[in-house]
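Student: Below is the file data24.txt, with compact mmCIF, C-alpha atoms.
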# COMPACT_ATOMS: atom_id res chain seq x y z
CA MET A 1438 20.82 22.09 -28.52
CA ILE A 1439 17.88 19.69 -28.62
CA LYS A 1440 18.17 19.06 -24.91
CA THR A 1441 17.82 22.76 -24.13
CA THR A 1442 14.53 22.80 -25.98
CA LEU A 1443 13.42 19.69 -24.14
CA LEU A 1444 14.16 21.11 -20.71
CA LEU A 1445 12.39 24.35 -21.58
CA ALA A 1446 9.32 22.44 -22.66
CA VAL A 1447 9.34 20.48 -19.42
CA ALA A 1448 9.64 23.65 -17.37
CA VAL A 1449 6.76 25.30 -19.18
CA THR A 1450 4.30 22.41 -19.41
CA CYS A 1451 5.03 20.25 -16.36
CA GLN A 1452 3.90 22.29 -13.41
CA THR A 1453 3.68 20.54 -10.05
CA ALA A 1454 0.20 20.20 -8.57
CA ALA A 1455 -0.61 19.55 -4.92
CA ALA A 1456 -2.11 16.22 -3.94
CA GLN A 1457 -5.89 16.28 -3.64
CA GLY A 1458 -8.59 14.09 -2.14
CA PRO A 1459 -10.06 10.90 -3.60
CA ARG A 1460 -12.02 10.99 -6.82
CA ARG A 1461 -15.33 9.18 -6.99
CA GLY A 1462 -15.40 6.08 -9.12
CA PHE A 1463 -12.14 4.53 -7.91
CA GLN A 1464 -13.55 2.88 -4.79
CA ARG A 1465 -14.13 -0.85 -4.67
CA GLU A 1466 -13.57 -3.59 -2.13
CA ALA A 1467 -10.20 -5.30 -1.88
CA PHE A 1468 -10.04 -8.92 -3.03
CA THR A 1469 -7.41 -11.65 -3.07
CA THR A 1470 -6.36 -13.87 -5.95
CA GLU A 1471 -3.56 -16.18 -7.03
CA THR A 1472 -4.05 -15.24 -10.69
CA PRO A 1473 -4.10 -11.44 -10.77
CA MET A 1474 -4.82 -9.52 -13.92
CA ALA A 1475 -2.06 -6.98 -14.46
CA HIS A 1476 -0.82 -4.99 -17.45
CA ASP A 1477 2.78 -3.72 -17.48
CA PRO A 1478 3.56 -4.91 -13.91
CA VAL A 1479 6.54 -3.85 -11.80
CA MET A 1480 7.36 -5.08 -8.32
CA ALA A 1481 9.03 -3.90 -5.12
CA LYS A 1482 9.51 -5.15 -1.57
CA ASP A 1483 9.17 -2.90 1.48
CA GLY A 1484 9.61 -4.68 4.80
CA ASP A 1485 7.89 -8.05 4.59
CA THR A 1486 5.44 -7.03 1.87
CA TYR A 1487 5.67 -7.21 -1.90
CA TYR A 1488 3.99 -4.56 -4.01
CA ILE A 1489 2.91 -4.64 -7.65
CA TYR A 1490 2.17 -1.46 -9.59
CA ALA A 1491 0.61 -1.72 -13.04
CA THR A 1492 -1.22 0.16 -15.77
CA GLY A 1493 -4.69 1.25 -14.71
CA MET A 1494 -6.87 4.13 -13.60
CA GLY A 1495 -4.50 6.09 -11.39
CA ILE A 1496 -2.03 3.13 -11.33
CA GLN A 1497 -3.29 -0.23 -10.13
CA GLN A 1498 -1.65 -1.62 -6.98
CA MET A 1499 -1.67 -4.92 -5.09
CA THR A 1500 0.24 -6.48 -2.20
CA SER A 1501 1.42 -9.92 -1.10
CA LYS A 1502 3.41 -11.55 1.68
CA ASP A 1503 4.57 -14.50 -0.42
CA ARG A 1504 4.24 -13.48 -4.12
CA LYS A 1505 1.58 -16.19 -4.49
CA THR A 1506 -1.62 -14.71 -3.11
CA TRP A 1507 -2.19 -11.07 -4.04
CA THR A 1508 -4.56 -8.53 -2.52
CA VAL A 1509 -5.80 -6.05 -5.10
CA LEU A 1510 -6.16 -2.79 -3.20
CA PRO A 1511 -9.37 -0.72 -3.30
CA GLN A 1512 -7.73 2.54 -4.34
CA PRO A 1513 -5.11 3.37 -6.97
CA VAL A 1514 -1.84 5.15 -6.26
CA MET A 1515 -3.17 8.42 -7.72
CA THR A 1516 -6.73 9.40 -6.95
CA VAL A 1517 -6.41 12.75 -8.75
CA MET A 1518 -4.03 13.52 -11.59
CA PRO A 1519 -1.62 16.46 -11.16
CA GLY A 1520 -2.77 19.37 -13.28
CA TRP A 1521 0.35 19.40 -15.43
CA THR A 1522 -0.45 15.94 -16.86
CA THR A 1523 -3.54 17.01 -18.78
CA ASP A 1524 -1.91 20.33 -19.74
CA SER A 1525 1.09 18.48 -21.19
CA VAL A 1526 -0.71 15.60 -22.90
CA PRO A 1527 -3.88 16.44 -24.86
CA GLY A 1528 -6.46 13.70 -24.48
CA PHE A 1529 -4.94 12.20 -21.32
CA SER A 1530 -7.26 11.79 -18.34
CA ASN A 1531 -6.42 9.28 -15.62
CA HIS A 1532 -5.58 5.98 -17.31
CA VAL A 1533 -1.92 5.80 -16.31
CA TRP A 1534 0.46 3.48 -18.12
CA ALA A 1535 3.54 1.46 -17.32
CA PRO A 1536 4.88 2.64 -13.95
CA ASP A 1537 8.28 1.83 -12.52
CA VAL A 1538 9.39 1.94 -8.88
CA ILE A 1539 12.79 1.95 -7.19
CA GLN A 1540 14.26 2.78 -3.79
CA TRP A 1541 17.20 5.18 -3.83
CA HIS A 1542 18.73 7.41 -1.16
CA GLY A 1543 16.05 6.72 1.43
CA ARG A 1544 13.03 7.36 -0.80
CA TRP A 1545 10.85 5.38 -3.13
CA TRP A 1546 10.59 6.86 -6.61
CA LEU A 1547 7.72 5.98 -8.91
CA ALA A 1548 7.70 7.02 -12.56
CA TYR A 1549 4.58 6.74 -14.73
CA SER A 1550 3.44 7.36 -18.28
CA CYS A 1551 0.83 9.84 -19.53
CA SER A 1552 -0.09 9.28 -23.16
CA THR A 1553 -2.76 8.42 -25.70
CA PHE A 1554 -2.58 5.27 -27.77
CA GLY A 1555 -0.38 5.34 -30.85
CA LYS A 1556 0.83 8.94 -30.51
CA ASN A 1557 4.08 10.35 -29.14
CA GLY A 1558 2.75 13.47 -27.45
CA SER A 1559 3.50 12.01 -24.04
CA ALA A 1560 5.04 12.66 -20.63
CA ILE A 1561 6.73 10.70 -17.86
CA GLY A 1562 5.77 11.88 -14.39
CA LEU A 1563 7.42 11.28 -11.01
CA LEU A 1564 6.20 10.57 -7.49
CA SER A 1565 8.17 9.99 -4.28
CA SER A 1566 7.42 8.46 -0.89
CA ARG A 1567 9.26 7.47 2.29
CA SER A 1568 7.37 4.18 2.49
CA LEU A 1569 5.28 2.00 0.21
CA ARG A 1570 3.18 0.96 3.18
CA SER A 1571 1.86 4.49 3.70
CA ASN A 1572 0.67 4.89 0.09
CA MET A 1573 1.31 8.62 0.47
CA TRP A 1574 3.04 9.99 -2.60
CA LYS A 1575 4.42 13.43 -3.36
CA ASP A 1576 4.10 14.83 -6.86
CA GLU A 1577 7.62 15.53 -8.14
CA GLY A 1578 6.45 16.89 -11.49
CA CYS A 1579 7.59 15.74 -14.89
CA ILE A 1580 10.81 13.94 -15.82
CA VAL A 1581 10.56 14.31 -19.59
CA THR A 1582 8.05 15.04 -22.35
CA SER A 1583 7.90 14.15 -26.02
CA ARG A 1584 6.12 16.14 -28.69
CA GLU A 1585 4.75 15.12 -32.07
CA LYS A 1586 6.83 16.60 -34.92
CA ARG A 1587 9.51 17.68 -32.39
CA ASP A 1588 10.81 14.39 -31.01
CA ASN A 1589 11.36 11.10 -32.82
CA TRP A 1590 10.78 9.09 -29.65
CA ASN A 1591 7.96 8.55 -27.16
CA ALA A 1592 8.11 9.49 -23.46
CA ILE A 1593 6.46 6.36 -22.04
CA ASP A 1594 7.50 3.07 -20.38
CA PRO A 1595 10.11 4.43 -17.94
CA ASN A 1596 12.60 2.29 -16.04
CA PHE A 1597 15.13 3.46 -13.45
CA ILE A 1598 18.58 1.90 -13.18
CA ILE A 1599 21.31 2.82 -10.67
CA ASP A 1600 24.84 2.12 -11.95
CA ASP A 1601 27.88 0.94 -9.97
CA ASN A 1602 28.78 4.55 -9.17
CA ASP A 1603 25.37 5.20 -7.54
CA GLN A 1604 24.38 7.25 -10.58
CA PRO A 1605 20.69 7.04 -11.59
CA TRP A 1606 19.64 6.65 -15.22
CA LEU A 1607 16.31 6.42 -17.00
CA VAL A 1608 15.58 4.20 -19.98
CA TRP A 1609 12.24 4.58 -21.78
CA GLY A 1610 10.40 4.68 -25.06
CA SER A 1611 8.64 2.80 -27.82
CA PHE A 1612 8.35 2.78 -31.60
CA TRP A 1613 9.57 5.84 -33.57
CA ASP A 1614 13.37 5.75 -33.15
CA GLY A 1615 13.27 3.15 -30.39
CA ILE A 1616 14.48 2.93 -26.81
CA GLN A 1617 16.03 6.03 -25.22
CA LEU A 1618 18.50 6.37 -22.33
CA ALA A 1619 19.54 9.44 -20.32
CA ARG A 1620 21.45 10.20 -17.13
CA LEU A 1621 19.45 11.65 -14.23
CA ASP A 1622 20.39 14.15 -11.54
CA SER A 1623 19.96 13.80 -7.77
CA THR A 1624 16.27 14.74 -8.04
CA MET A 1625 15.59 11.91 -10.50
CA HIS A 1626 15.11 14.32 -13.42
CA ILE A 1627 17.17 14.38 -16.59
CA ALA A 1628 20.53 15.96 -15.84
CA ASN A 1629 21.19 19.42 -17.23
CA GLY A 1630 22.63 19.31 -20.75
CA VAL A 1631 22.01 15.58 -21.24
CA LYS A 1632 20.47 14.51 -24.54
CA PRO A 1633 18.54 11.21 -24.81
CA ARG A 1634 20.25 8.57 -26.93
CA THR A 1635 18.81 5.56 -28.78
CA VAL A 1636 20.12 2.26 -27.41
CA ALA A 1637 17.74 -0.25 -29.05
CA ARG A 1638 15.58 -0.54 -32.16
CA ARG A 1639 13.36 -3.30 -33.49
CA TYR A 1640 15.02 -3.11 -36.89
CA ASP A 1641 18.20 -1.76 -38.39
CA PRO A 1642 17.60 1.92 -39.30
CA ASN A 1643 18.12 1.09 -42.99
CA TYR A 1644 15.55 -1.73 -43.01
CA LYS A 1645 12.04 -0.82 -44.14
CA PRO A 1646 9.41 -3.36 -42.95
CA THR A 1647 6.66 -4.04 -45.46
CA GLU A 1648 4.03 -5.00 -42.87
CA GLU A 1649 1.96 -2.10 -41.56
CA ASN A 1650 1.47 -1.38 -37.87
CA PRO A 1651 -1.85 -3.09 -36.99
CA THR A 1652 -2.41 -0.92 -33.89
CA SER A 1653 -1.67 2.64 -35.01
CA LYS A 1654 -1.26 4.65 -38.19
CA HIS A 1655 0.91 7.16 -36.33
CA ALA A 1656 3.64 5.08 -34.70
CA GLY A 1657 5.20 3.28 -37.65
CA THR A 1658 6.70 -0.21 -37.54
CA ASN A 1659 9.73 0.11 -35.26
CA ALA A 1660 7.85 -2.16 -32.86
CA ILE A 1661 9.98 -2.02 -29.72
CA GLU A 1662 9.05 -0.73 -26.27
CA ALA A 1663 8.99 -1.42 -22.50
CA PRO A 1664 12.73 -1.45 -21.68
CA PHE A 1665 14.04 -2.79 -18.37
CA ILE A 1666 17.72 -2.90 -17.33
CA PHE A 1667 18.85 -5.50 -14.77
CA LYS A 1668 22.40 -5.70 -13.39
CA HIS A 1669 23.88 -9.15 -12.89
CA GLY A 1670 27.52 -10.04 -12.47
CA GLY A 1671 29.60 -7.82 -14.69
CA TYR A 1672 26.82 -6.92 -17.13
CA TYR A 1673 23.77 -4.72 -17.50
CA TYR A 1674 21.02 -6.67 -19.28
CA LEU A 1675 18.54 -4.70 -21.38
CA PHE A 1676 15.19 -6.44 -21.81
CA VAL A 1677 12.78 -5.02 -24.40
CA SER A 1678 9.41 -6.02 -25.81
CA TRP A 1679 9.12 -6.60 -29.53
CA ASP A 1680 6.04 -6.35 -31.75
CA TYR A 1681 2.48 -5.59 -30.67
CA CYS A 1682 0.71 -5.56 -27.31
CA CYS A 1683 -2.79 -4.58 -26.28
CA ARG A 1684 -4.68 -6.68 -28.83
CA GLY A 1685 -5.82 -9.42 -26.47
CA ALA A 1686 -5.58 -12.82 -28.12
CA LYS A 1687 -4.25 -11.17 -31.29
CA SER A 1688 -1.18 -9.79 -29.49
CA ASN A 1689 2.23 -11.06 -30.60
CA TYR A 1690 4.33 -9.43 -27.86
CA ARG A 1691 7.64 -11.10 -26.96
CA VAL A 1692 10.78 -10.24 -25.04
CA ALA A 1693 14.33 -9.88 -26.33
CA VAL A 1694 17.55 -9.13 -24.43
CA GLY A 1695 21.05 -7.80 -24.91
CA ARG A 1696 23.86 -6.88 -22.52
CA SER A 1697 26.59 -4.33 -21.96
CA LYS A 1698 29.54 -3.86 -19.61
CA THR A 1699 28.43 -0.25 -19.07
CA VAL A 1700 24.95 1.10 -18.41
CA ASP A 1701 25.07 3.43 -21.41
CA GLY A 1702 25.80 0.61 -23.85
CA PRO A 1703 26.26 -0.53 -26.49
CA TYR A 1704 23.94 -3.44 -25.74
CA LEU A 1705 24.86 -6.50 -27.81
CA ASP A 1706 22.91 -9.70 -28.35
CA ARG A 1707 24.32 -13.22 -28.15
CA THR A 1708 25.67 -12.95 -31.71
CA GLY A 1709 27.37 -9.62 -30.99
CA LYS A 1710 24.86 -7.45 -32.87
CA ASP A 1711 24.16 -4.02 -31.41
CA MET A 1712 20.55 -3.62 -30.27
CA ALA A 1713 20.68 -0.05 -31.63
CA ASN A 1714 20.97 -1.67 -35.07
CA GLY A 1715 18.15 -4.15 -34.59
CA GLY A 1716 19.95 -6.74 -32.48
CA GLY A 1717 18.37 -8.70 -29.65
CA THR A 1718 18.25 -12.31 -28.48
CA LEU A 1719 14.76 -13.73 -28.12
CA PHE A 1720 14.13 -14.46 -24.43
CA LEU A 1721 10.42 -15.23 -24.03
CA GLU A 1722 7.32 -15.76 -26.13
CA GLY A 1723 3.96 -17.46 -25.78
CA ASP A 1724 3.29 -20.98 -27.05
CA LYS A 1725 -0.27 -20.23 -28.29
CA LYS A 1726 -1.63 -22.81 -25.82
CA GLU A 1727 -1.44 -21.23 -22.37
CA TRP A 1728 -0.26 -17.80 -23.49
CA GLU A 1729 -0.83 -16.11 -26.82
CA ALA A 1730 1.99 -13.65 -26.15
CA ALA A 1731 3.93 -12.12 -23.27
CA GLY A 1732 5.92 -8.97 -22.64
CA HIS A 1733 6.48 -5.69 -20.81
CA CYS A 1734 8.78 -7.29 -18.28
CA ALA A 1735 10.84 -6.54 -15.18
CA ALA A 1736 13.56 -8.45 -13.31
CA TYR A 1737 14.55 -8.38 -9.64
CA THR A 1738 16.61 -10.00 -6.92
CA PHE A 1739 14.49 -10.79 -3.85
CA ASP A 1740 16.01 -12.62 -0.87
CA GLY A 1741 18.87 -13.89 -3.03
CA ASP A 1742 16.69 -15.16 -5.88
CA ASP A 1743 16.49 -13.60 -9.34
CA ILE A 1744 12.96 -13.42 -10.73
CA PHE A 1745 11.37 -12.29 -13.97
CA ILE A 1746 7.85 -10.88 -14.23
CA CYS A 1747 5.70 -9.69 -17.12
CA HIS A 1748 2.14 -9.85 -18.34
CA GLY A 1749 0.93 -12.59 -20.61
CA TYR A 1750 -2.14 -12.65 -22.85
CA SER A 1751 -4.03 -15.73 -21.70
CA ALA A 1752 -5.06 -18.19 -24.39
CA THR A 1753 -7.67 -19.68 -22.08
CA GLN A 1754 -9.23 -16.40 -20.86
CA ASN A 1755 -9.91 -14.55 -24.11
CA GLY A 1756 -6.54 -12.80 -24.18
CA ALA A 1757 -6.77 -11.24 -20.70
CA ALA A 1758 -3.49 -9.75 -19.44
CA MET A 1759 -2.34 -11.87 -16.48
CA LEU A 1760 0.70 -11.70 -14.20
CA ILE A 1761 3.55 -14.12 -15.02
CA GLN A 1762 6.40 -14.79 -12.57
CA ARG A 1763 9.37 -17.05 -13.31
CA PRO A 1764 12.76 -17.71 -11.68
CA ILE A 1765 15.82 -16.68 -13.71
CA SER A 1766 18.78 -19.02 -14.09
CA TRP A 1767 22.10 -18.05 -15.64
CA ALA A 1768 23.87 -19.96 -18.39
CA ALA A 1769 27.58 -20.70 -18.20
CA ASP A 1770 28.26 -17.81 -20.57
CA GLY A 1771 26.32 -15.40 -18.34
CA TRP A 1772 23.10 -15.10 -20.33
CA PRO A 1773 19.74 -15.24 -18.53
CA GLU A 1774 17.32 -18.11 -19.01
CA LEU A 1775 13.85 -18.77 -17.64
CA VAL A 1776 13.42 -21.81 -15.44
CA ALA A 1777 11.20 -24.31 -17.26
CA ASP A 1778 7.61 -24.57 -16.11
CA ASP A 1779 4.31 -26.03 -17.24
CA LYS A 1780 2.57 -22.74 -18.07
CA GLY A 1781 3.37 -22.57 -21.75
CA VAL A 1782 6.01 -19.81 -21.71
CA HIS A 1783 9.41 -20.64 -23.15
Could I get this structure in the form of structure tokens?
Tutor:
Amino acid sequence: MIKTTLLLAVAVTCQTAAAQGPRRGFQREAFTTETPMAHDPVMAKDGDTYYIYATGMGIQQMTSKDRKTWTVLPQPVMTVMPGWTTDSVPGFSNHVWAPDVIQWHGRWWLAYSCSTFGKNGSAIGLLSSRSLRSNMWKDEGCIVTSREKRDNWNAIDPNFIIDDNDQPWLVWGSFWDGIQLARLDSTMHIANGVKPRTVARRYDPNYKPTEENPTSKHAGTNAIEAPFIFKHGGYYYLFVSWDYCCRGAKSNYRVAVGRSKTVDGPYLDRTGKDMANGGGTLFLEGDKKEWEAAGHCAAYTFDGDDIFICHGYSATQNGAAMLIQRPISWAADGWPELVADDKGVH
């Protein structure tokens, strides 16, 4: 079975490494800002403090008491990469992508991506901690790897979701054959015998786009990534990012959404089209005035309020990736909508 091969590869190439001391070059003074730069942000609340984790050298982190003023911390989450990361992913060093964080069974779990741009030789790693305030993380090894010419998906952009039966799942991926979903075990690794399954694609598998990928000659044109599943009411909502990030002002990132009664899908858009066949309802895009584009999102309930976050490519700051936060409202038919604002996102 394909999954047997996958688990063997993980066992061989993802060896746990002990935490080590700080690496020179990470240190800088903390600073506060109301307009933080952040790429691929996720958020959590521990006690009275909010935390953001984002793409950066060793995973960028910042804190806030009110989600308005943020303190960018002087050290990243990971000051030294576990040895298995560079063994598993040729060319990877310490620029860690697209983390996700969740609290489950008394621990915080943080997944992160090790990759090189445009290629699918990648790995998703795992850390755990009793408290976000301590910033002391244990290396839990590797959740899953992908290999060029072996897997038609990419092991990046992880997101945890816990279903109504307290069962953890992981959704991840980009380009190639699209967004993948798999059930996890009690250690937050892919359960024995489980095979990843595609739940969303940018296009129907039979459609052949004529426009080339402007960012990579390796990844093809199935331009979908950065999944995030949010439970509300009787549905699981799958948010994904369409098209191309990481090009500054030339980015055309945007967010689409579908929903399902069960965490494993199928996820259908507002017209009833399966996201696995190219469906998806457009949820957010830039207006080319304040934001050129926006994507790689997350959604949360904090203190009874539903919020949506992502990064936007600023039209006024040369395409810099900035944090966007917006309240979520819910239409009469149960679909999410962003509360209107004056920042050019709609």
Student: Would you kindly return, as number ranges by chain, each protein, DNA or RNA residue with an atom no farther than 10 Å from any atom of A:Asn1572, considering only C-alpha atoms and excluding same-chain residues fewer than 6 positions away?
Tutor: A: 1498, 1512-1515, 1566
Student: Now that the selection is made, can you save its residues with C-alpha atoms as a PDB file, in the coordinates of the input?
Tutor:
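Done, and the output landed in again23.pdb:
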ATOM      1  CA  GLN A1498      -1.650  -1.620  -6.980  1.00  0.00           C
ATOM      2  CA  GLN A1512      -7.730   2.540  -4.340  1.00  0.00           C
ATOM      3  CA  PRO A1513      -5.110   3.370  -6.970  1.00  0.00           C
ATOM      4  CA  VAL A1514      -1.840   5.150  -6.260  1.00  0.00           C
ATOM      5  CA  MET A1515      -3.170   8.420  -7.720  1.00  0.00           C
ATOM      6  CA  SER A1566       7.420   8.460  -0.890  1.00  0.00           C
TER       7      SER A1566
END
Student: Which residues come within 7 Å of A:Met1494, counting only C-alpha atoms, excluding same-chain residues fewer than 6 positions away, as a list in words?
Tutor: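 Listing them by chain and then by number gives Pro1513, Asn1531, His1532 and Val1533 of chain A.
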Student: Using C-alpha atoms, can you export the residues from the last selection as a tab-separated table (two decimals), in the coordinates of the input?
Tutor:
chain	number	residue	atom	x	y	z
A	1513	PRO	CA	-5.11	3.37	-6.97
A	1531	ASN	CA	-6.42	9.28	-15.62
A	1532	HIS	CA	-5.58	5.98	-17.31
A	1533	VAL	CA	-1.92	5.80	-16.31
Student: Looking at all atoms listed in the file, which of A:Thr1699, A:Thr1738, A:Ser1525, A:Ser1623 is the one that sits closest to A:Lys1482?
Tutor: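 Closest to A:Lys1482 of all the choices is A:Thr1738.
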Student: Out of A:Leu1721, A:Cys1683, A:Ala1713, A:Ile1744, which residue has the shortest atom-to-atom distance to A:Gln1617 when counting all atoms listed in the file?
Tutor: A:Ala1713
Student: Counting only C-alpha atoms, give me one row per residue of stretch 1664-1696 of chain A with an atom at most 9 Å from an atom of stretch 1602-1611 of chain A, showing the shortest contact pair and its distance in Å to one decimal, sorted by chain then residue number, as a tab-separated table.
Tutor:
residue	atom	partner	partner_atom	distance
A:Pro1664	CA	A:Trp1609	CA	6.1
A:Phe1665	CA	A:Val1608	CA	7.3
A:Ile1666	CA	A:Val1608	CA	7.9
Student: List the spatial neighbours of A:Thr1718 as a short mmCIF file (atom, residue, chain, number, x, y, z; two decimals) with C-alpha atoms, in the frame of the given file - criterion: any atom at most 12 Å away, all atoms listed in the file, same-chain residues fewer than 6 positions off excluded.
Tutor:
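What ended up in out_23.cif:
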data_model
loop_
_atom_site.label_atom_id
_atom_site.label_comp_id
_atom_site.auth_asym_id
_atom_site.auth_seq_id
_atom_site.Cartn_x
_atom_site.Cartn_y
_atom_site.Cartn_z
CA ARG A 1639 13.36 -3.30 -33.49
CA TYR A 1674 21.02 -6.67 -19.28
CA LEU A 1675 18.54 -4.70 -21.38
CA PHE A 1676 15.19 -6.44 -21.81
CA VAL A 1677 12.78 -5.02 -24.40
CA SER A 1678 9.41 -6.02 -25.81
CA TRP A 1679 9.12 -6.60 -29.53
CA ARG A 1691 7.64 -11.10 -26.96
CA VAL A 1692 10.78 -10.24 -25.04
CA ALA A 1693 14.33 -9.88 -26.33
CA VAL A 1694 17.55 -9.13 -24.43
CA GLY A 1695 21.05 -7.80 -24.91
CA ARG A 1696 23.86 -6.88 -22.52
CA TYR A 1704 23.94 -3.44 -25.74
CA LEU A 1705 24.86 -6.50 -27.81
CA ASP A 1706 22.91 -9.70 -28.35
CA ARG A 1707 24.32 -13.22 -28.15
CA THR A 1708 25.67 -12.95 -31.71
CA GLY A 1709 27.37 -9.62 -30.99
CA LYS A 1710 24.86 -7.45 -32.87
CA ASP A 1711 24.16 -4.02 -31.41
CA MET A 1712 20.55 -3.62 -30.27
CA TRP A 1772 23.10 -15.10 -20.33
CA PRO A 1773 19.74 -15.24 -18.53
CA GLU A 1774 17.32 -18.11 -19.01
#
Student: For A:Pro1511, which residue out of A:His1748, A:Arg1638, A:Arg1620, A:Arg1465 is the nearest one, using only C-alpha atoms?
Tutor: A:Arg1465
Student: Compile the contact shell of stretch 1555-1561 of chain A as a ChimeraX atom specification: residues with an atom at most 8 Å away, counting all atoms listed in the file, same-chain residues fewer than 2 positions apart removed.
Tutor: /A:1522,1525-1527,1548-1553,1563,1579-1585,1590-1593,1595,1652-1656
Student: Neighbours of A:Glu1577 within 9 Å (only C-alpha atoms; same-chain residues fewer than 2 positions away dropped), as a list in words?
Tutor: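 Selected residues are Thr1453, Ala1454, Gly1562, Leu1563, Leu1564, Ser1565, Lys1575, Cys1579, Ile1580 and Thr1624 of chain A.
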Student: Write the residues of the preceding selection, restricted to C-alpha atoms, as a PDB file, in the frame of the given file.
Tutor:
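again-v3.pdb was written with the following content:
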ATOM      1  CA  THR A1453       3.680  20.540 -10.050  1.00  0.00           C
ATOM      2  CA  ALA A1454       0.200  20.200  -8.570  1.00  0.00           C
ATOM      3  CA  GLY A1562       5.770  11.880 -14.390  1.00  0.00           C
ATOM      4  CA  LEU A1563       7.420  11.280 -11.010  1.00  0.00           C
ATOM      5  CA  LEU A1564       6.200  10.570  -7.490  1.00  0.00           C
ATOM      6  CA  SER A1565       8.170   9.990  -4.280  1.00  0.00           C
ATOM      7  CA  LYS A1575       4.420  13.430  -3.360  1.00  0.00           C
ATOM      8  CA  CYS A1579       7.590  15.740 -14.890  1.00  0.00           C
ATOM      9  CA  ILE A1580      10.810  13.940 -15.820  1.00  0.00           C
ATOM     10  CA  THR A1624      16.270  14.740  -8.040  1.00  0.00           C
TER      11      THR A1624
END
Student: Smallest atom-to-atom distance to A:Gly1578: which of A:Cys1734, A:Ile1489, A:Pro1519, A:Pro1764, using all atoms listed in the file?
Tutor: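 Counting all atoms listed in the file, the residue closest to A:Gly1578 is A:Pro1519.
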